[in-house]
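Source file: work-v6.cif (mmCIF, C-alpha atoms)
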data_run
loop_
_atom_site.label_atom_id
_atom_site.label_comp_id
_atom_site.auth_asym_id
_atom_site.auth_seq_id
_atom_site.Cartn_x
_atom_site.Cartn_y
_atom_site.Cartn_z
CA MET A 1 10.79 -6.24 -0.11
CA TRP A 2 10.30 -6.81 3.62
CA ALA A 3 7.09 -8.25 5.04
CA PHE A 4 5.99 -8.14 8.69
CA LYS A 5 3.07 -10.25 9.95
CA GLY A 6 1.66 -11.45 13.28
CA GLU A 7 0.82 -10.18 16.77
CA TYR A 8 3.15 -7.65 18.35
CA THR A 9 5.03 -8.68 21.47
CA GLY A 10 6.94 -6.95 24.27
CA LYS A 11 7.72 -3.24 23.99
CA ALA A 12 6.56 -3.14 20.38
CA LYS A 13 3.12 -4.35 21.55
CA THR A 14 3.02 -1.62 24.20
CA TYR A 15 3.82 1.02 21.62
CA ALA A 16 1.28 -0.36 19.15
CA LYS A 17 -1.41 -0.28 21.88
CA LYS A 18 -0.57 3.38 22.53
CA ILE A 19 -1.27 4.12 18.87
CA ARG A 20 -4.51 2.12 19.14
CA LEU A 21 -5.51 4.10 22.27
CA LYS A 22 -5.04 7.42 20.47
CA GLN A 23 -7.12 6.17 17.58
CA TYR A 24 -9.84 4.88 19.94
CA ILE A 25 -10.06 8.15 21.87
CA GLY A 26 -10.20 10.17 18.66
CA ALA A 27 -12.91 7.97 17.13
CA SER A 28 -14.90 7.90 20.37
CA VAL A 29 -14.88 11.67 20.79
CA LEU A 30 -15.80 12.19 17.13
CA CYS A 31 -18.70 9.69 17.21
CA THR A 32 -20.02 11.05 20.52
CA ALA A 33 -19.90 14.64 19.31
CA PHE A 34 -21.59 13.74 16.02
CA GLY A 35 -24.27 11.72 17.82
CA LEU A 36 -25.05 14.51 20.28
CA LEU A 37 -25.22 17.04 17.47
CA ALA A 38 -27.48 14.86 15.31
CA PHE A 39 -29.94 13.99 18.10
CA GLY A 40 -29.82 17.55 19.41
CA LEU A 41 -30.96 18.85 16.04
CA VAL A 42 -33.75 16.25 15.96
CA VAL A 43 -34.95 17.32 19.41
CA ILE A 44 -34.93 21.01 18.39
CA VAL A 45 -36.99 20.24 15.29
CA PHE A 46 -39.60 18.03 17.01
CA ILE A 47 -39.79 19.49 20.52
CA GLY A 48 -42.56 21.89 19.53
CA GLU A 49 -44.78 19.39 17.70
CA PHE A 50 -44.01 16.16 19.54
CA PRO A 51 -42.88 17.04 23.09
CA ASN A 52 -43.80 13.58 24.37
CA TYR A 53 -41.23 11.95 22.09
CA VAL A 54 -38.27 14.07 23.22
CA ALA A 55 -37.41 11.75 26.11
CA VAL A 56 -37.61 8.74 23.79
CA LEU A 57 -35.34 10.42 21.26
CA LEU A 58 -32.80 11.37 23.91
CA SER A 59 -32.83 7.86 25.34
CA SER A 60 -32.40 6.32 21.88
CA GLY A 61 -29.54 8.69 21.13
CA ALA A 62 -27.79 7.84 24.39
CA VAL A 63 -28.15 4.11 23.72
CA CYS A 64 -26.75 4.46 20.17
CA ILE A 65 -23.76 6.49 21.38
CA VAL A 66 -23.02 3.95 24.14
CA LEU A 67 -23.27 1.02 21.71
CA ILE A 68 -20.91 2.69 19.22
CA ASN A 69 -18.39 3.37 21.98
CA ILE A 70 -18.64 -0.24 23.20
CA ILE A 71 -17.90 -1.49 19.66
CA LEU A 72 -14.94 0.89 19.35
CA PHE A 73 -13.64 -0.25 22.75
CA LEU A 74 -13.87 -3.93 21.77
CA ILE A 75 -11.93 -3.18 18.58
CA TYR A 76 -9.31 -1.32 20.62
CA ARG A 77 -9.02 -4.21 23.10
CA ARG A 78 -8.13 -6.72 20.40
CA ALA A 79 -4.46 -7.69 20.28
CA PRO A 80 -2.65 -5.34 17.87
CA LYS A 81 -1.52 -7.21 14.78
CA CYS A 82 0.99 -6.36 12.10
CA ASP A 83 0.48 -6.99 8.39
CA ILE A 84 2.77 -4.57 6.59
CA LYS A 85 4.99 -4.83 3.53
CA ILE A 86 7.77 -2.34 2.86
CA LYS A 87 8.79 -2.22 -0.78
CA ASN A 88 11.91 -0.56 -2.13
CA ASP A 89 10.26 -0.20 -5.52
CA GLY A 90 9.25 3.43 -5.61
CA PHE A 91 9.41 3.07 -1.79
CA TYR A 92 6.00 2.54 -0.25
CA ALA A 93 4.18 0.56 2.41
CA GLU A 94 1.33 -1.88 1.84
CA VAL A 95 -0.93 -2.35 4.87
CA GLY A 96 -3.03 -5.49 4.76
CA ASN A 97 -4.27 -6.79 1.41
CA THR A 98 -6.51 -3.92 0.42
CA CYS A 99 -4.86 -0.52 0.63
CA PHE A 100 -1.57 1.06 -0.30
CA ILE A 101 -0.27 3.89 1.86
CA PHE A 102 2.46 5.92 0.23
CA ALA A 103 3.94 6.63 3.62
CA PHE A 104 7.48 7.22 2.53
CA TYR A 105 6.75 10.00 0.10
CA THR A 106 5.57 12.00 3.11
CA ILE A 107 7.80 10.39 5.71
CA LYS A 108 8.38 12.50 8.81
CA THR A 109 10.56 10.60 11.29
CA ILE A 110 12.08 7.19 11.90
CA ALA A 111 12.72 6.11 15.48
CA GLU A 112 14.83 3.03 16.23
CA TYR A 113 14.31 0.89 19.32
CA ASP A 114 15.64 -2.46 20.48
CA GLY A 115 13.96 -4.93 18.15
CA PHE A 116 11.54 -2.59 16.39
CA ILE A 117 11.39 0.58 14.30
CA ILE A 118 8.71 3.28 14.27
CA VAL A 119 7.97 5.10 11.04
CA LYS A 120 5.87 8.27 11.21
CA ALA A 121 4.41 9.95 8.16
CA HIS A 122 3.17 13.51 7.66
CA ASN A 123 -0.34 12.12 7.30
CA LYS A 124 -0.05 11.11 11.00
CA GLY A 125 0.25 7.44 10.11
CA GLU A 126 2.54 5.38 12.35
CA TYR A 127 3.97 1.98 11.48
CA VAL A 128 5.50 -0.41 14.00
CA LEU A 129 7.96 -2.78 12.31
CA GLN A 130 9.12 -5.52 14.69
CA LYS A 131 12.14 -7.74 14.12
CA GLU A 132 10.42 -10.90 15.44
CA LEU A 133 7.56 -10.46 12.95
CA ILE A 134 9.60 -10.26 9.77
CA VAL A 135 8.49 -13.06 7.44
CA GLU A 136 10.22 -11.93 4.28
CA GLY A 137 13.60 -10.23 3.91
CA VAL A 138 16.55 -9.81 6.27
CA TRP A 139 16.26 -7.57 9.34
CA ASP A 140 19.87 -6.35 9.19
CA GLU A 141 19.40 -5.26 5.59
CA PHE A 142 16.15 -3.55 6.52
CA GLU A 143 17.83 -1.67 9.37
CA ALA A 144 20.58 -0.50 7.02
CA PHE A 145 17.97 0.56 4.47
CA MET A 146 15.98 2.55 7.04
CA LYS A 147 19.15 4.17 8.37
CA LYS A 148 19.94 5.51 4.90
CA VAL A 149 16.43 6.89 4.64
CA LYS A 150 16.60 8.39 8.13
CA ASP A 151 19.93 10.08 7.43
CA SER A 152 18.47 11.62 4.28
CA LEU A 153 15.36 13.13 5.89
CA ASP A 154 17.11 16.34 6.94
CA THR A 155 18.68 16.86 3.52
CA GLU A 156 17.22 18.74 0.58
CA GLU A 157 16.93 15.53 -1.45
CA PRO A 158 15.64 12.69 0.75
CA ILE A 159 16.04 9.29 -0.85
CA TYR A 160 12.97 7.27 -1.77
CA GLN A 161 14.75 4.47 -3.58
CA VAL A 162 18.15 3.29 -2.38
CA GLU A 163 18.93 0.72 -5.05
CA ASP A 164 18.85 1.35 -8.78
CA PRO A 165 16.49 -1.05 -10.59
CA ILE A 166 18.13 -3.99 -12.36
CA THR A 167 17.86 -3.77 -16.15
CA GLU A 168 18.10 -6.93 -18.27
CA TYR A 169 18.48 -7.23 -22.05
CA ILE A 170 17.36 -10.62 -23.40
CA GLU A 171 17.12 -11.86 -26.97
CA ALA A 172 13.58 -13.13 -27.49
CA THR A 173 10.99 -14.07 -30.11
CA VAL A 174 7.27 -13.30 -30.02
CA LEU A 175 5.36 -16.60 -30.01
CA SER A 176 1.82 -15.28 -29.68
CA LYS A 177 -0.29 -12.29 -28.66
CA ARG A 178 -3.65 -12.00 -26.94
CA THR A 179 -6.04 -9.45 -25.48
CA CYS A 180 -8.62 -9.65 -22.74
CA LYS A 181 -11.15 -7.40 -21.05
CA GLU A 182 -11.00 -6.69 -17.34
CA TYR A 183 -14.12 -5.30 -15.75
CA VAL A 184 -13.42 -2.48 -13.32
CA ASP A 185 -17.10 -1.88 -12.54
CA ILE A 186 -19.45 -4.77 -13.30
CA ARG A 187 -22.61 -2.83 -12.44
CA MET A 188 -21.74 -0.02 -14.86
CA HIS A 189 -20.31 -2.49 -17.43
CA ARG A 190 -17.04 -0.56 -17.46
CA SER A 191 -14.02 -2.50 -18.66
CA VAL A 192 -10.44 -1.97 -19.80
CA ASP A 193 -8.53 -3.85 -22.50
CA ARG A 194 -5.27 -5.58 -21.52
CA TYR A 195 -2.62 -6.70 -23.98
CA PHE A 196 -0.19 -9.60 -23.61
CA ALA A 197 2.62 -11.21 -25.58
CA LEU A 198 4.22 -14.62 -25.09
CA PHE A 199 8.00 -14.56 -25.63
CA SER A 200 10.43 -17.42 -26.25
CA LEU A 201 13.80 -16.71 -24.59
CA GLN A 202 17.25 -17.94 -25.63
CA ASP A 203 17.36 -20.49 -22.82
CA GLY A 204 14.15 -22.09 -24.10
CA LYS A 205 11.83 -20.61 -21.50
CA GLU A 206 8.50 -19.11 -22.50
CA VAL A 207 7.34 -16.05 -20.57
CA GLU A 208 4.22 -13.91 -21.02
CA TYR A 209 4.23 -10.18 -20.23
CA GLU A 210 1.59 -7.48 -20.33
CA ILE A 211 2.90 -5.07 -22.96
CA GLY A 212 0.45 -2.22 -23.50
CA LYS A 213 -1.60 -1.28 -26.56
CA MET A 214 1.09 0.56 -28.60
CA MET A 215 3.61 -2.25 -28.18
CA TYR A 216 0.91 -4.81 -28.99
CA GLU A 217 0.14 -3.06 -32.28
CA LYS A 218 3.75 -2.73 -33.44
CA THR A 219 4.93 -6.25 -32.59
CA GLU A 220 4.26 -9.28 -34.77
CA VAL A 221 4.21 -13.00 -34.08
CA GLY A 222 7.58 -14.46 -35.08
CA GLN A 223 9.41 -11.14 -34.55
CA THR A 224 12.81 -11.48 -32.92
CA GLY A 225 14.40 -8.67 -30.95
CA THR A 226 15.70 -7.56 -27.58
CA LEU A 227 13.38 -7.83 -24.59
CA VAL A 228 14.11 -5.18 -21.95
CA LEU A 229 13.15 -5.98 -18.35
CA ILE A 230 13.45 -3.59 -15.41
CA SER A 231 13.25 -5.28 -12.01
CA GLU A 232 12.01 -8.39 -13.85
CA LYS A 233 9.06 -6.46 -15.33
CA PHE A 234 8.45 -5.74 -19.00
CA PHE A 235 9.75 -2.37 -20.19
CA ASP A 236 10.30 -2.58 -23.95
CA PHE A 237 10.85 -4.86 -26.94
CA GLY A 238 12.61 -3.89 -30.16
CA ASP A 239 15.72 -4.12 -32.27
CA GLY A 240 19.27 -3.27 -31.23
CA GLU A 241 19.01 0.45 -32.00
CA ASP A 242 15.95 0.81 -29.76
CA VAL A 243 17.81 -0.88 -26.92
CA GLU A 244 20.82 1.44 -27.30
CA GLU A 245 18.53 4.47 -27.09
CA ILE A 246 16.98 3.13 -23.87
CA GLY A 247 20.42 2.56 -22.40
CA ASP A 248 21.54 6.08 -23.35
CA ASN A 249 18.43 7.69 -21.82
CA SER A 250 18.76 5.78 -18.56
#
Would you mind giving the structure from this file in structure tokens?
Amino acid sequence: MWAFKGEYTGKAKTYAKKIRLKQYIGASVLCTAFGLLAFGLVVIVFIGEFPNYVAVLLSSGAVCIVLINIILFLIYRRAPKCDIKIKNDGFYAEVGNTCFIFAFYTIKTIAEYDGFIIVKAHNKGEYVLQKELIVEGVWDEFEAFMKKVKDSLDTEEPIYQVEDPITEYIEATVLSKRTCKEYVDIRMHRSVDRYFALFSLQDGKEVEYEIGKMMYEKTEVGQTGTLVLISEKFFDFGDGEDVEEIGDNS
């Protein structure tokens, strides 16, 4: 994974501000058009019954539209910041801490500049990835990774994952199991059940993994078998024959 964080500088900042400007103009035009339409309809409805209020309504509408545009302008004027994570795990981008944008499943172009890379997606999203802002990962490796992706865009089978996931087979024993409820909507009292198992590994370490309901039901405390991890995440647990079948299928 590669993580980029901080305020853009130099040419990358100029490019990021261009993206911001496009977004500001689009939002401003949309809000202005919607405001004019909304207050225009109000005026049409009330002009016959309350002609004295038409001027007040128009003035209020103009003030609201101006205030919205001022707010949008202040947001645009803020220094453009970067908080993006690129993960080669199904290949996607995480923007900020709240949303995931699967940019690379619909990737359109990749442009390389001195010190930064621009990624454009079919959903019109643009991502500025600057060398100076990388806080996790190695820039040279990232450049090589993006070059492979770029070279594949014009082919019939563009790559979305360059490296095969690492599969580990570890002898382990189930020490304990537990379940818990996780509320997904507190107001509606909606919850989901989660299932966990604590494993003792050969080297003496104890590690807990979320295992899913079916695996939870078929495993028993004290059971010894082969723990299968893919990219350090739980995949399966069973005897030797089960592991061979997994290996054959992969």
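Among A:Lys148, A:Lys5, A:Lys218, A:Lys108, the residue with the shortest atom-to-atom distance to Leu133 in chain A, counting all atoms listed in the file, is A:Lys5.
Distances from A:Thr32, A:Thr179, A:Gln23, A:Gln223 to Ser200 in chain A were compared using all atoms listed in the file, and the smallest one belongs to A:Gln223.
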Suppose a student applies the PyMOL selection byres ((chain A and resi 178) around 9) to this structure; what residues should they get, written as a ChimeraX atom specification?
/A:176-177,179-180,194-198,216
Near range 76-91 of chain A, counting all atoms listed in the file, which residues have an atom at most 7 Å away, once you skip same-chain residues fewer than 4 positions from it, shown as a PDB file with C-alpha atoms, in the frame of the given file?
ATOM      1  CA  MET A   1      10.790  -6.240  -0.110  1.00  0.00           C
ATOM      2  CA  TRP A   2      10.300  -6.810   3.620  1.00  0.00           C
ATOM      3  CA  ALA A   3       7.090  -8.250   5.040  1.00  0.00           C
ATOM      4  CA  PHE A   4       5.990  -8.140   8.690  1.00  0.00           C
ATOM      5  CA  LYS A   5       3.070 -10.250   9.950  1.00  0.00           C
ATOM      6  CA  GLY A   6       1.660 -11.450  13.280  1.00  0.00           C
ATOM      7  CA  GLU A   7       0.820 -10.180  16.770  1.00  0.00           C
ATOM      8  CA  TYR A   8       3.150  -7.650  18.350  1.00  0.00           C
ATOM      9  CA  LYS A  13       3.120  -4.350  21.550  1.00  0.00           C
ATOM     10  CA  ALA A  16       1.280  -0.360  19.150  1.00  0.00           C
ATOM     11  CA  LYS A  17      -1.410  -0.280  21.880  1.00  0.00           C
ATOM     12  CA  ARG A  20      -4.510   2.120  19.140  1.00  0.00           C
ATOM     13  CA  LEU A  21      -5.510   4.100  22.270  1.00  0.00           C
ATOM     14  CA  TYR A  24      -9.840   4.880  19.940  1.00  0.00           C
ATOM     15  CA  LEU A  72     -14.940   0.890  19.350  1.00  0.00           C
ATOM     16  CA  VAL A  95      -0.930  -2.350   4.870  1.00  0.00           C
ATOM     17  CA  GLY A  96      -3.030  -5.490   4.760  1.00  0.00           C
ATOM     18  CA  PHE A 104       7.480   7.220   2.530  1.00  0.00           C
ATOM     19  CA  TYR A 160      12.970   7.270  -1.770  1.00  0.00           C
ATOM     20  CA  GLN A 161      14.750   4.470  -3.580  1.00  0.00           C
TER      21      GLN A 161
END
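CA of Val119 in chain A to CA of Phe73 in chain A spans 25.2 Å [interatomic distance, one decimal].
Interatomic distance, CA of Asp154 in chain A against CA of Ala93 in chain A: 20.9 Å.
Taking CA of Lys147 in chain A as the reference point, CA of Glu232 in chain A is found at 26.5 Å.
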With only C-alpha atoms as the basis for distance, which of A:Leu41, A:Val128, A:Ala62, A:Leu74 is at the shortest distance from Lys18 in chain A?
A:Val128
Around all listed atoms of range 20-39 of chain A, padded 5 Å per side, what centre and edge lengths does the axis-aligned box have in Å to one decimal, as JSON?
{"center_x": -17.2, "center_y": 9.6, "center_z": 18.8, "size_x": 35.4, "size_y": 24.9, "size_z": 17.0}
Check what the PyMOL selection byres ((chain A and resi 234) around 12) selects in the file above and give those residues as an MDAnalysis selection string.
chainID A and resid 166:170 196:199 207:212 215 226:233 235:237
Would you mind listing what lies within 12 Å of Cys64 in chain A as a ChimeraX atom specification, with only C-alpha atoms counted and same-chain residues fewer than 4 positions away left out?
/A:31-32,34-36,38-39,57-60,68-71
Which is closest to Gly225 in chain A among A:Thr173, A:Ser191, A:Thr155, A:Thr14, if we use all atoms listed in the file?
A:Thr173
Spatial neighbours of Ala111 in chain A, max dist 12 Å, all atoms listed in the file, sep filter under 3 positions, as a PDB file with C-alpha atoms, keeping the file's coordinate frame:
ATOM      1  CA  TYR A  15       3.820   1.020  21.620  1.00  0.00           C
ATOM      2  CA  ILE A 107       7.800  10.390   5.710  1.00  0.00           C
ATOM      3  CA  LYS A 108       8.380  12.500   8.810  1.00  0.00           C
ATOM      4  CA  ASP A 114      15.640  -2.460  20.480  1.00  0.00           C
ATOM      5  CA  GLY A 115      13.960  -4.930  18.150  1.00  0.00           C
ATOM      6  CA  PHE A 116      11.540  -2.590  16.390  1.00  0.00           C
ATOM      7  CA  ILE A 117      11.390   0.580  14.300  1.00  0.00           C
ATOM      8  CA  ILE A 118       8.710   3.280  14.270  1.00  0.00           C
ATOM      9  CA  VAL A 119       7.970   5.100  11.040  1.00  0.00           C
ATOM     10  CA  LYS A 120       5.870   8.270  11.210  1.00  0.00           C
ATOM     11  CA  ALA A 121       4.410   9.950   8.160  1.00  0.00           C
ATOM     12  CA  GLU A 126       2.540   5.380  12.350  1.00  0.00           C
ATOM     13  CA  TYR A 127       3.970   1.980  11.480  1.00  0.00           C
ATOM     14  CA  VAL A 128       5.500  -0.410  14.000  1.00  0.00           C
ATOM     15  CA  LEU A 129       7.960  -2.780  12.310  1.00  0.00           C
ATOM     16  CA  GLU A 143      17.830  -1.670   9.370  1.00  0.00           C
ATOM     17  CA  MET A 146      15.980   2.550   7.040  1.00  0.00           C
ATOM     18  CA  LYS A 147      19.150   4.170   8.370  1.00  0.00           C
ATOM     19  CA  VAL A 149      16.430   6.890   4.640  1.00  0.00           C
ATOM     20  CA  LYS A 150      16.600   8.390   8.130  1.00  0.00           C
ATOM     21  CA  ASP A 151      19.930  10.080   7.430  1.00  0.00           C
TER      22      ASP A 151
END
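For the set A:Asp239, A:Glu136, A:Glu94, A:Glu182, the residue with the smallest atom-to-atom gap to Thr219 in chain A is A:Asp239, counting only C-alpha atoms.
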Residue with smallest distance to Asp193 in chain A - pool A:Gly61, A:Lys22, A:Val135, A:Lys181, counting only C-alpha atoms:
A:Lys181
